[in-house]
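In what follows, a single structure is set out as structure tokens and then discussed.
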Amino acid sequence: MAVTNLPEFIRADGPDKVTGSGRYTADMTLTGQLVAKFKYGEVSHGRITKLDVEAARAIPGVFAVLTAADVPDVRYSYGLADRTLFATDIIRFEGEIVAAVAAIDADVAQQALDAIVLEVDVLEPITDLHAAIADGSPLVHEAIDTYEVTGDTPHSGNIATHSSISMGDAEAAMATADTVVTSRYLADASHATPIEPRAVIAQWEGDKVTVWTSTQVPFDARAGVCETLELPTSKVRIIAPHLGGGFGGKCGAHFEPHIAALARAAKRPVKLVFSRWEEFIAPDRRREAMIIDVTTGVDADGKIVARTGEILLDNGAYMADSSFFAQAAAMHVAGPYVIPAVHIDAKLVYTNHQPSGSVRAPTAPQGCWAIESHTDEIAKAIGMDALEFRRKNIVTSGSTGCVGQTYDEIGLDQCLDMAAASAGWGQDLPDGEALGISVGWWPSFAAPAGAYAKLHGDGTVQVITGASECGTGSVMTLRMLAADEIGIDETAVELIYQDTGAAPAGPGSSGSQTLFNHGRAVEKASRMVADQVKELAAAQLEANVSDIVLDNGTASVAGSPAISIPIVELAGASETGEILGSAAADAIEWPEITGSTCLGEQGFSSWLAPQFSCHVARVRVDADTGVTRVLEVHAVHDSGTILNPVAAHGQVEGGVMMGVGQALTEGTRYDDQGNQLNAGLLEYKLQTIADAPKITTQFVEIFTDNAGPRGAKGLAEAPNVATCGAVNNAITNATGVRIRQLPMTAERVWEAINDSEAAS
Amino acid sequence: MTMTIATTIDEILSGLSQGARPIAGGTDLVVGSRQGKGTLPEHLIAIDRVSELAHIEVGAETTRIGSGVTHATLMTDPTIVASFTGVSDAAALVGSPATRNVGTIGGNVMNGSPAMDTGAPLVVLGAQAELASTSATRLVDLDELWVGPGRTSAADDELCTALVIPNRPESSGSAYVRLEYRRAMEIAIVGAAAAVTLDGDAISSVRVALTAVAPTIISVGGLDAVVGQPADEAALAAVSEASSEQAAPISDLRASDRYRRHMIGVMARRAVEAAARRASGETISVPVNRALGVGAQS
Ligand SMILES: Cc1cc2nc3c(=O)[nH]c(=O)nc-3n(C[C@H](O)[C@H](O)[C@H](O)COP(=O)(O)OP(=O)(O)OC[C@H]3O[C@@H](n4cnc5c(N)ncnc54)[C@H](O)[C@@H]3O)c2cc1C
């Protein structure tokens with residue numbers, strides 16, 4: 001399959017978004033629509049002793065008040081079915097929904113919330129990860145053993161899942177090491193923080209419901225509504241208007257079922273728009289806090305001989321989509337290194353915090369930050385340059401990594417060298433400035449996806465896809481693929497997307513899958529159209545089908561461009577006046593792994609089309625205040641073929657900025673009761689454009705077999721992996737001190753500098 | 001609720017006398033009410049279209065900055081940048097370009113937050129607030145104006161028409177620095193302003209005021225010892241120590257009291273250093289935070 005010259009990238013949704021004419025869910029208004037509000041548990045752990053909504057129901061203008069008693073008694077979640085739409089007897093985090101109201105306006109809805117009688121016996125919150133897994137700890141889920149389990153989800157007590165990577169005899173190998181380094185790292189929880197807060201509108205017509213919602217995965221939202229309200233798939237339609245960012249946080253179903261249930265009870269359309277505070281406390285998608293203990297042994301040559309580790313991840317109160325997090329974290333703490341003997345245990349631990357779930361490259365920024373900081377500690381311990389140490393130990397083409405997967409052609413070594421060269425590794429820098437390096441990795445995911453393509457009689461094409469556009473631009477790349485296959489201009493391709501009523505199912509915008517999976521489906525459906533066009537052309541031009549070339553809006557005979565016919569004429573001449581294609585992406589085989597045992601195989605050990613990266617950060621640390629500024633990030637990525645350079649650069653720049661935020665300022669703070677203290681944009685500090693470093697991006701383009709279209713791998717999450725580690729190593733190189741907690745706030749950096757001065 | 005758009009000061013004063021609240025840029029008032037800090041007043045009178053409030057007038061003894069002058073103007077106006085540079089330093093740090101384009105000095109001062117950025121530089125420059133009502137106009141010292149977080153001694157019917165600053169003697173400089181964790185949309189964790197006048201190499205007068213370390217902006221006392229000394233390491237250390245000692249920092253989400261106390265010393269030292277360098281004729285671009293870096297050089 002050849003990589004052709006794809007046309008220049010044009011974002012069809014760009015003008016709408018930039019001029020403000022684009023409509024987001026919160027912009028919509030339906031006739032007769034009511035306002036929804038939720039009553040939250042307000043304590044992080046408590047037993048409901050009384051819940052009485054009668055007074056709220058009696059308020060004029062209140063159309064519906066729902067509690068667990070008013071919806072089907074269904075327990076759901078991936079991995080362990082551990083939750084219900086509304087709290088039944090136990091409240092397990094502050095944002096747990098106890099009741100929902102629909103009222104004529106926001107004031108009346110608020111009155112209804114105030115009129116709900118909720119009495120709670122406050123229970124001791126479970127928030128400390130080590131205490132939670134100790135014998136005799138109270139349980140977040142008393143009835144965990146009765147929950148339905150899917151997949152390989154070994155659980156017990158407050159351990160929601162457990163996964164271990166084990167290859168060789170790590171203990172014996174460690175004993176042979178010349179140098180052994182042990183480190184502990186702590187990562188605070190953080191948030192996806194899309195600028196568009198969640199919004200949902202539901203409207204029933206007869207026994208069918210249409211839900212407009214800010215979801216990244218409309219088909220998962222549909223599945224959630226169907227499962228919890230016990231509705232057949234055909235009765236539920238999910239439409240996502242323009243999405244104002246998601247960053248993983250809007251994966252899956254979130255509040256669609258609640259609003260659909262409210263609208264049914266109220267017999268009116270119902271609309272929910274979250275406040276910023278709700279956006280912080282209520283969703284079941286938060287980036288998990290982690291405690292990482294790791295030990296590595298190296299031989300006299302500086303080769304890694306063994307690694308052991310224990311990782312505790314804060315799952316919060318419910319599973320959301322976190323069932324694979326333990327294994328994912330273990331992979332990042334193993335890292336893209338050749339490690340002959342390894343044993344890493346990872347436990348996902350229930351607490352009374354907000355549930356953790358997918359946020360762009362879940363577990364990776366923290367795991368990578370810890371292991372890359374640890375890597376620099378090892379290099380320092382043996383007196384080796386950090387770049388040199390990595391060169392010696394990273395995986396390269398043909399080498400076998402931590403789980404016994406042997407890699408085909410990969411470009412991590414090139415990433416390392418190019419990033420170092422771009423940053424000027426080894427150069428003298430002014431006082432207070434330094435470079436730091438980090439490598440990272442991330443898998444690609446193959447999932448079923450379908451697509452339809454239609455060539456109309458007027459020569460335009462409609463592509464109908466289950467993909468979602470959460471800001472990455474990769475949906476727009478689907479247009480380029482269709483245009484290229486059919487031989488027309490991409491502006492003649494219109495996309496129909498984010499509507500379960502129109503498109504075949506697919507993973508939406510999750511797991512870096514838009515291009516990887518939807519792209520393959522769109523390519524195949526478009527090729528079916530192209531094949532039919534070629535047949536029509538061959539008949540008319542009296543040539544062999546295999547000799548027909550589609551390009552520039554015309555079909556011609558290879559080698560004789562003069563003998564041609566416009567594609568629009570062929571489309572019009574077809575029997576039905578349009579040419580149809582429909583296809584599902586082909587299944588992809590997962591790579592084999594050998595020699596590794598794994599407890600809790602959660603689909604994250606063998607990595608399909610693994611993506612590699614190296615980031616070098618240049619920082620300046622103001623030693624008197626601890627304030628760190630990232631001046632430059634040099635990012636080099638191996639994501640296979642780059643089909644859309646403009647969008648690819650955008651992904652890397654956005655990922656780096658998100659990484660800088662996680663590195664320096666973004667961290668959730670809790671009070672001793674497990675409630676968030678900084679659930680707002682003033683105290684939860686995102687980076688601003690004024691903070692943006694100069695970002696230099698390069699790609700190592702390796703055509704990758706068994707991957708996405710035309711040898712592409714994913715590229716949405718990978719850029720968010722390596723920045724935090726690079727920043728930490730740069731801070732250490734600038735100050736001589738090592739920061740062991742994420743985010744590396746000014747105060748933490750200052751404390752470390754101050755304490756080391758006090759000690760010396 | 002009503003909102004009246006005034007075109008003259010008299011219209012504003014008569015509106016205030018009938019119980020309306022003034023709204024200038026609305027960046028405190030509206031945002032605060034959205035955050036639940038209090039509901040919007042029943043009657044608002046918009047003062048942002050009254051051009052008389054937006055002037056900067058240089059007189060023989062004093063300079064009058066109209067209360068409606070925006071931060072965007074304060075950070076670029078040649079008079080303010082040249083003579084009252086600390087005010088420009090502060091204005092340049094406020095929020096984002098959008099905040100600076102509509103937010104005013106009058107709103108900043110009358111909102112009375114201990115974290116207001118123009119407050120400390122105005123204090124060290126000896127500014128007074130000009131308050132007018134239908135019956136009288138008076139000048140009030142700022143330490144008498146601010147009586148607590150978000151509270152002023154102005155009567156409900158008084159409009160702040162201007163901030164009046166004594167013109168500076170030769171060889172004077174001022175500066176404002178604040179601790180910030182990011183370079184826009186930030187709130188002062190601690191801040192310090194300094195005004196310095198030199199006699200040759202020696203400090204002939206110095207004032208320091210601190211932001212966000214007490215219920216109101218506070219002046220640092222007991223700096224007499226550095227008068228007559230050059231602005232050298234010893235003098236800066238003395239200022240730093242006095243400032244740390246006199247502040248009453250709290251622990252909260254933004255910082256611990258320990259860190260704050262140290263940072264107050266660092267900010268005060270940097271403010272005095274920058275003010276002294278400006279007093280000696282050196283140009284340090286606005287804002288000092290970017291020029292000298294609080295970890296945040298450009
Ligand atoms: C995103 C954002 C970032 C911000 N960042 C900063 C920052 O970095 N530093 C900082 O100091 N502030 C900051 N602020 C706060 C605010 O922008 C400033 O305090 C601004 O100067 C307020 O001016 P305003 O004209 O908008 O005041 P308004 O909101 O219009 O008024 C504020 C208060 O003063 C009263 N008032 C206004 N004018 C007068 C007058 N002439 N006479 C009597 N009373 C009056 C009003 O009745 C109201 O009570 C920020 C605000 C936002 C929204």
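Ordering of the structure tokens sets the chain letters (A, B, ...); residue numbers start at 1 within each chain; ligands are numbered from 1 in the order shown.
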- Message: Residues near Thr696 in chain A, anyone? I mean within 12 Å using only C-alpha atoms, not counting same-chain ones fewer than 2 positions away, as a VMD selection string.
- Response: chain A and resid 418 to 423 614 to 618 631 to 637 649 to 650 652 to 653 656 692 to 694 698 to 699
- Query: Can you tell me, as number ranges by chain, what residues are no more than 9 Å from Ile218 in chain B when counting only C-alpha atoms, ignoring any on the same chain fewer than 3 positions away?
  - Reply: B: 114, 120, 123, 143, 208-215, 246-247
- Message: With only C-alpha atoms as the counted atoms, please give the residues lying no more than 12 Å from Glu717 in chain A, apart from itself and same-chain residues fewer than 4 positions off, as a count of residues only.
- Response: 42
- Item | Given 6 Å and only C-alpha atoms and all ligand atoms, residues near ligand 1 as number ranges by chain | B: 21-29, 31, 67, 93-95, 99, 103-108, 110-111, 116-117, 159-161, 185-187
Find the residues of chain B that sit at most 12 Å from chain A; for each, write down the nearest two atoms and how far apart they are in Å, to one decimal. Count only C-alpha atoms. Sort by chain, then by number going up, and give it as JSON lines.
{"residue": "B:Val31", "atom": "CA", "partner": "A:Leu682", "partner_atom": "CA", "distance": 11.9}
{"residue": "B:Arg34", "atom": "CA", "partner": "A:Ser275", "partner_atom": "CA", "distance": 10.5}
{"residue": "B:Gln35", "atom": "CA", "partner": "A:Gly680", "partner_atom": "CA", "distance": 9.9}
{"residue": "B:Gly36", "atom": "CA", "partner": "A:Trp277", "partner_atom": "CA", "distance": 11.8}
{"residue": "B:Leu93", "atom": "CA", "partner": "A:Ala690", "partner_atom": "CA", "distance": 11.6}
{"residue": "B:Gly95", "atom": "CA", "partner": "A:Thr688", "partner_atom": "CA", "distance": 10.9}
{"residue": "B:Ser96", "atom": "CA", "partner": "A:Ala690", "partner_atom": "CA", "distance": 9.3}
{"residue": "B:Pro97", "atom": "CA", "partner": "A:Ala690", "partner_atom": "CA", "distance": 10.8}
{"residue": "B:Arg178", "atom": "CA", "partner": "A:Thr625", "partner_atom": "CA", "distance": 10.8}
{"residue": "B:Leu179", "atom": "CA", "partner": "A:Thr625", "partner_atom": "CA", "distance": 7.9}
{"residue": "B:Glu180", "atom": "CA", "partner": "A:Val627", "partner_atom": "CA", "distance": 7.9}
{"residue": "B:Tyr181", "atom": "CA", "partner": "A:Val627", "partner_atom": "CA", "distance": 6.5}
{"residue": "B:Arg182", "atom": "CA", "partner": "A:Asp691", "partner_atom": "CA", "distance": 6.4}
{"residue": "B:Arg183", "atom": "CA", "partner": "A:Ala690", "partner_atom": "CA", "distance": 5.7}
{"residue": "B:Ala184", "atom": "CA", "partner": "A:Ala690", "partner_atom": "CA", "distance": 6.3}
{"residue": "B:Met185", "atom": "CA", "partner": "A:Thr688", "partner_atom": "CA", "distance": 7.7}
{"residue": "B:Glu186", "atom": "CA", "partner": "A:Leu682", "partner_atom": "CA", "distance": 7.6}
{"residue": "B:Ile187", "atom": "CA", "partner": "A:Leu682", "partner_atom": "CA", "distance": 8.0}
{"residue": "B:Ala188", "atom": "CA", "partner": "A:Leu682", "partner_atom": "CA", "distance": 11.4}
{"residue": "B:Ile189", "atom": "CA", "partner": "A:Glu683", "partner_atom": "CA", "distance": 11.2}
{"residue": "B:Val190", "atom": "CA", "partner": "A:Thr625", "partner_atom": "CA", "distance": 11.3}
{"residue": "B:Asp252", "atom": "CA", "partner": "A:Leu677", "partner_atom": "CA", "distance": 9.9}
{"residue": "B:Leu253", "atom": "CA", "partner": "A:Glu683", "partner_atom": "CA", "distance": 7.4}
{"residue": "B:Arg254", "atom": "CA", "partner": "A:Glu683", "partner_atom": "CA", "distance": 7.3}
{"residue": "B:Ala255", "atom": "CA", "partner": "A:Glu747", "partner_atom": "CA", "distance": 7.0}
{"residue": "B:Ser256", "atom": "CA", "partner": "A:Glu747", "partner_atom": "CA", "distance": 8.3}
{"residue": "B:Asp257", "atom": "CA", "partner": "A:Glu747", "partner_atom": "CA", "distance": 10.9}
{"residue": "B:Arg258", "atom": "CA", "partner": "A:Glu751", "partner_atom": "CA", "distance": 9.9}
{"residue": "B:Tyr259", "atom": "CA", "partner": "A:Glu747", "partner_atom": "CA", "distance": 6.7}
{"residue": "B:Arg260", "atom": "CA", "partner": "A:Glu747", "partner_atom": "CA", "distance": 9.2}
{"residue": "B:Arg261", "atom": "CA", "partner": "A:Thr625", "partner_atom": "CA", "distance": 11.3}
{"residue": "B:His262", "atom": "CA", "partner": "A:Thr625", "partner_atom": "CA", "distance": 8.5}
{"residue": "B:Met263", "atom": "CA", "partner": "A:Thr625", "partner_atom": "CA", "distance": 6.6}
{"residue": "B:Ile264", "atom": "CA", "partner": "A:Thr625", "partner_atom": "CA", "distance": 10.1}
{"residue": "B:Gly265", "atom": "CA", "partner": "A:Asp624", "partner_atom": "CA", "distance": 10.0}
{"residue": "B:Val266", "atom": "CA", "partner": "A:Asp624", "partner_atom": "CA", "distance": 7.0}
{"residue": "B:Met267", "atom": "CA", "partner": "A:Thr625", "partner_atom": "CA", "distance": 9.2}
{"residue": "B:Arg269", "atom": "CA", "partner": "A:Asp624", "partner_atom": "CA", "distance": 11.1}
{"residue": "B:Arg270", "atom": "CA", "partner": "A:Asp624", "partner_atom": "CA", "distance": 10.7}
{"residue": "B:Asn289", "atom": "CA", "partner": "A:Asp622", "partner_atom": "CA", "distance": 11.6}
{"residue": "B:Arg290", "atom": "CA", "partner": "A:Ala690", "partner_atom": "CA", "distance": 11.2}
{"residue": "B:Leu292", "atom": "CA", "partner": "A:Asp622", "partner_atom": "CA", "distance": 10.4}
{"residue": "B:Gly293", "atom": "CA", "partner": "A:Asp622", "partner_atom": "CA", "distance": 7.7}
{"residue": "B:Val294", "atom": "CA", "partner": "A:Asp622", "partner_atom": "CA", "distance": 6.3}
{"residue": "B:Gly295", "atom": "CA", "partner": "A:Asp622", "partner_atom": "CA", "distance": 4.2}
{"residue": "B:Ala296", "atom": "CA", "partner": "A:Arg629", "partner_atom": "CA", "distance": 6.0}
{"residue": "B:Gln297", "atom": "CA", "partner": "A:Arg629", "partner_atom": "CA", "distance": 8.2}
{"residue": "B:Ser298", "atom": "CA", "partner": "A:Leu631", "partner_atom": "CA", "distance": 8.4}
- Message: as a ChimeraX atom specification, please: the residues near Ala154 in chain B (cut-off 10 Å, only C-alpha atoms, same-chain neighbours under 3 positions excluded).
- Response: /B:110,129,131-132,140,144-147,151,157-160
Residues just named, written with N, CA and C atoms as a PDB file, in the first residue's frame:
ATOM      1  N   MET B 110     -11.426  50.208  44.658  1.00  0.00           N
ATOM      2  CA  MET B 110     -12.678  50.231  45.421  1.00  0.00           C
ATOM      3  C   MET B 110     -13.185  48.824  45.745  1.00  0.00           C
ATOM      4  N   ALA B 129      -7.166  58.631  47.375  1.00  0.00           N
ATOM      5  CA  ALA B 129      -8.361  58.439  46.546  1.00  0.00           C
ATOM      6  C   ALA B 129      -9.227  59.691  46.635  1.00  0.00           C
ATOM      7  N   LEU B 131     -12.805  61.038  46.433  1.00  0.00           N
ATOM      8  CA  LEU B 131     -14.168  60.517  46.523  1.00  0.00           C
ATOM      9  C   LEU B 131     -15.156  61.658  46.384  1.00  0.00           C
ATOM     10  N   ALA B 132     -16.145  61.503  45.526  1.00  0.00           N
ATOM     11  CA  ALA B 132     -17.125  62.567  45.300  1.00  0.00           C
ATOM     12  C   ALA B 132     -18.531  62.044  45.549  1.00  0.00           C
ATOM     13  N   VAL B 140      -8.847  60.933  50.407  1.00  0.00           N
ATOM     14  CA  VAL B 140      -8.677  59.993  51.520  1.00  0.00           C
ATOM     15  C   VAL B 140      -7.388  59.209  51.318  1.00  0.00           C
ATOM     16  N   GLU B 144      -6.603  54.627  55.052  1.00  0.00           N
ATOM     17  CA  GLU B 144      -7.896  54.882  55.701  1.00  0.00           C
ATOM     18  C   GLU B 144      -9.062  54.386  54.854  1.00  0.00           C
ATOM     19  N   LEU B 145      -8.801  54.270  53.555  1.00  0.00           N
ATOM     20  CA  LEU B 145      -9.877  53.814  52.670  1.00  0.00           C
ATOM     21  C   LEU B 145     -10.159  52.319  52.884  1.00  0.00           C
ATOM     22  N   TRP B 146      -9.092  51.537  52.944  1.00  0.00           N
ATOM     23  CA  TRP B 146      -9.283  50.080  53.049  1.00  0.00           C
ATOM     24  C   TRP B 146      -9.405  49.694  54.514  1.00  0.00           C
ATOM     25  N   VAL B 147     -10.553  49.118  54.863  1.00  0.00           N
ATOM     26  CA  VAL B 147     -10.748  48.776  56.270  1.00  0.00           C
ATOM     27  C   VAL B 147     -10.798  47.260  56.504  1.00  0.00           C
ATOM     28  N   ARG B 151     -13.726  45.630  51.930  1.00  0.00           N
ATOM     29  CA  ARG B 151     -14.488  46.712  52.570  1.00  0.00           C
ATOM     30  C   ARG B 151     -13.695  48.021  52.527  1.00  0.00           C
ATOM     31  N   ASP B 157     -22.794  56.366  48.638  1.00  0.00           N
ATOM     32  CA  ASP B 157     -23.091  57.324  47.565  1.00  0.00           C
ATOM     33  C   ASP B 157     -21.833  58.031  47.058  1.00  0.00           C
ATOM     34  N   GLU B 158     -20.673  57.533  47.488  1.00  0.00           N
ATOM     35  CA  GLU B 158     -19.437  58.175  47.029  1.00  0.00           C
ATOM     36  C   GLU B 158     -18.851  57.440  45.830  1.00  0.00           C
ATOM     37  N   LEU B 159     -18.446  58.238  44.869  1.00  0.00           N
ATOM     38  CA  LEU B 159     -17.786  57.713  43.675  1.00  0.00           C
ATOM     39  C   LEU B 159     -16.303  58.009  43.792  1.00  0.00           C
ATOM     40  N   CYS B 160     -15.484  57.052  43.499  1.00  0.00           N
ATOM     41  CA  CYS B 160     -14.053  57.347  43.389  1.00  0.00           C
ATOM     42  C   CYS B 160     -13.856  57.955  42.004  1.00  0.00           C
TER      43      CYS B 160
END
- Query: In range 296-474 of chain A, what's strand (DSSP E or B) per DSSP? Answer as a PyMOL selection string?
  - Reply: chain A and resi 296-298+304-316+337+341-350+394+400+406+433-444+450-455+461-465
- Compare A:Ile593, A:Ile292, A:Val533, A:Leu113 by their minimum atom-to-atom distance to Val403 in chain A, counting only C-alpha atoms, and give me the closest one.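 That would be A:Ile593, the residue with the smallest distance to Val403 in chain A.
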- Message: When you look at range 373-380 of chain A with a cut-off of 9 Å (counting only C-alpha atoms), what residues show up, excluding the ones that are within fewer than 2 positions of it in the same chain? I need them as number ranges by chain.
- Response: A: 179-185, 294-298, 302, 368-371, 382-390, 437-438, 725-726, 728-729, 738-740
- From the list B:Met1, B:Leu13, B:Pro121, B:Gly32, which residue is nearest Thr137 in chain B when using only C-alpha atoms?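 Selected residue with least distance to Thr137 in chain B: B:Leu13.
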- Item | Nearest to Ala237 in chain B, chosen from B:Glu170, B:Ala225, B:Ala90, B:Asp141, with only C-alpha atoms counted in the distances |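 Closest candidate: B:Ala225.
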